[in-house]
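A short worksheet on the structure shown next.
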Amino acid sequence: MKSSLGCRAIPRQRDGKFVIDAYLPETQLQAARDGRTARRVSLRIIENATEIGRERQKEVGEGNRFAARGQIPRGLGRKE
Amino acid sequence: MAYLNVIEIESALRNLAAAYPAMTELIVSPNVSHEGRQVHILRVGTKSNAEVDGVLILGGVHAREWVPPDALVSLAADLLEAYKFSTGLGYGNKRFSANDIRQIMETWNLFVCACVNPDGRHYSQTNDPLWRKNRRPHPSSGNCVGVDINRNFDFLWDHLTKFASDSGVSASEDPCDRNVYRGPLPTSEPETKNVVWLLDMYPRIRWHVDVHSAVPVILHSWGSDQNQTIEPIQTFLNSTFDGIRGRPNDAAYGEYITQDDLHIVETLGNRMNDAVKAVRGVDYGAEQAFGLYPTSGASDDYAFSRHFADPAKTKVYGFTIECGHSFQPTWSEAEEVIREVSAGLITLCLEASASAGSSIPASVPGE
């Protein structure tokens with residue numbers, strides 16, 4: 001079974017445990033549960049990332065906000 | 001607001017260059033993508049390439065990581081506007097003075113390559129949201145498309161030979177691997193070639209930051225094995241250690257880094273993290289890129305390795321910022337992450353100036 005651990009496999013310490021995000025096809029979730037060999041490893045489903053990604057596709061710009069030369073992007077920093 | 005699509009990224013960079021001609025240069029990348037897209041790199045700074053050192057900042061290497069390209073466009077726009085009107089910049093609780101911005105604009109060149117992999121981003125934004133690679137066609141017209149750009153750089157690229165078989169190195173020689181296919185050859189991909197070209201063409205680039213998502217964390221060299229400062233013969237160049245490197249917590253091999261270099265990358269990583277944390281309290285942490293297992297062919301390691309492979313080349317310190325907590329957060333959360341990334345990158349420029357300035361020797365004592 002192949003899972004994706006994102007960009008880099010960097011575990012983070014959270015509440016005294018080491019936590020790492022993994023991305024698995026839904027069809028492989030049960031295999032992941034059954035395949036755990038270490039008793040103290042737990043697997044928690046966080047979200048359906050594909051479904052969320054499809055929702056986020058609605059938040060992608062349509063057309064071209066900067067088609068006109070005079071449309072200058074502005075950053076999110078406060079100018080102060 | 002909404003995430004930038006690939007056409008908007010290009011237009012945004014073009015319009016910034018047109019609006020601020022004295023502070024920018026729009027650089028055309030020489031290699032078009034497999035789907036025919038040509039990306040531009042915005043050089044931000046008031047001095048010429050020959051006069052001051054540079055920072056190369058990459059975004060969008062991985063298609064599904066949507067925030068970094070938007071963050072880099074925002075950062076470029078912020079720096080240019082703030083410099084023009086002599087203001088500072090604020091990101092959450094982190095503030096930079098007008099003098100800080102002036103210092104960056106007058107003593108650095110930022111080479112902003114906002115979207116290295118536009119084909120992949122377009123595919124992720126319009127088709128498969130979790131797509132990571134570029135869109136290289138399958139070698140025999142099959143369904144297996146794409147190369148992981150961040151496994152395609154010429155740094156221990158041949159993971160089957162270079163790493164221990166049980167190292168778990170995160171790369172694949174299988175074109176059908178959905179995420180980490182390394183490509184048919186090192187630097188085979190146009191996107192990879194464009195990054196290499198920038199480093200070759202602009203030898204005063206001394207810092208390299210590849211902005212990815214998500215963990216979050218700030219990573220410094222090396223990603224190939226645990227760092228060690230004692231045994232100079234244990235390097236990626238030494239084939240004696242082929243088949244041995246990459247195992248964690250062993251005594252057989254550690255990737256050599258000088259104490260001076262280690263101090264620099266740790267210090268700068270921590271300073272960036274301090275700035276990120278100041279924005280809204282999120283502690284990314286800064287650590288070595290070798291995590292659970294090694295990586296091969298990554299851009300940050302490649303950038304840092306160039307000087308060791310060829311001492312005539314500039315030493316480039318490489319970092320990866322893994323920003324935020326997800327690949328595609330809501331836009332409102334993405335804005336917060338953009339502020340964090342901006343604060344971290346501005347701090348890198350300021351701290352690199354302050355601690356090492358433009359006089360970092362190409363070769364530090366002890367090498």
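For the structure tokens, the naming scheme is as follows: chains receive sequential letters (A, B, ...) according to their order of presentation, residues are indexed from 1 within each chain, and ligands are indexed from 1 in presentation order.
DSSP on the backbone gives strand (DSSP E or B) for these parts of region 8-57 of chain A: Arg12, Gln13, Arg14, Lys17, Phe18, Val19 and Tyr23 of chain A.
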Deliver the residues from the most recent selection as a file, using C-alpha atoms, as a PDB file, in the first residue's frame.
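Contents of again05.pdb, as written:
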ATOM      1  CA  ARG A  12       5.242  16.870  14.830  1.00  0.00           C
ATOM      2  CA  GLN A  13       4.973  16.435  18.568  1.00  0.00           C
ATOM      3  CA  ARG A  14       1.477  17.074  19.857  1.00  0.00           C
ATOM      4  CA  LYS A  17       2.629  12.049  20.810  1.00  0.00           C
ATOM      5  CA  PHE A  18       4.257  12.120  17.431  1.00  0.00           C
ATOM      6  CA  VAL A  19       1.759  12.987  14.728  1.00  0.00           C
ATOM      7  CA  TYR A  23      -2.993  10.870   2.492  1.00  0.00           C
TER       8      TYR A  23
END
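Within chain A, DSSP run on the backbone puts these residues in helix (DSSP H, G or I): Glu26, Thr27, Gln28, Leu29, Gln30, Ala31, Ala32, Arg33, Asp34, Ala49, Thr50, Glu51, Ile52, Gly53, Arg54, Glu55, Arg56, Gln57, Lys58 and Glu59 of chain A.
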Discussion item. Using only C-alpha atoms and a distance of at most 7 Å, pull out the residues of chain B that contact chain A, as a PyMOL selection string.
Written reply: chain B and resi 2-5+7-8+11-12+15-16+74-75+77-78+82+87-91+125-126+129-130+291-293+328+330+339
Write out as a tab-separated table (two decimals) with C-alpha atoms, in the first residue's frame the residues lying within 10 Å of region 278-284 of chain B, counting only C-alpha atoms and excluding same-chain residues fewer than 5 positions away.
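Ended up saving to result04.tsv:
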chain	number	residue	atom	x	y	z
A	12	ARG	CA	5.24	16.87	14.83
B	90	GLY	CA	2.67	44.76	9.14
B	91	TYR	CA	1.58	41.14	9.22
B	92	GLY	CA	-0.57	40.37	12.24
B	93	ASN	CA	1.60	41.28	15.22
B	94	LYS	CA	4.82	41.31	13.24
B	95	ARG	CA	5.98	44.70	11.97
B	215	VAL	CA	3.06	20.60	8.04
B	216	PRO	CA	3.96	23.40	9.06
B	217	VAL	CA	7.72	23.59	9.55
B	218	ILE	CA	10.83	25.42	8.33
B	219	LEU	CA	13.47	23.03	7.03
B	270	ASN	CA	14.98	29.98	13.93
B	272	MET	CA	12.33	33.02	10.33
B	273	ASN	CA	10.28	30.93	12.71
B	321	ILE	CA	9.16	26.54	4.28
B	322	GLU	CA	6.24	24.16	4.67
B	323	CYS	CA	3.50	26.66	5.39
B	324	GLY	CA	0.08	26.26	6.93
B	325	HIS	CA	-1.80	23.16	7.90
B	336	GLU	CA	-3.25	34.22	7.34
B	337	VAL	CA	-0.72	31.75	5.99
B	339	ARG	CA	1.08	36.75	6.17
B	340	GLU	CA	3.17	34.13	7.97
B	341	VAL	CA	5.18	33.31	4.86
B	342	SER	CA	5.71	37.00	4.12
B	343	ALA	CA	6.99	37.68	7.63
B	344	GLY	CA	9.35	34.72	7.45
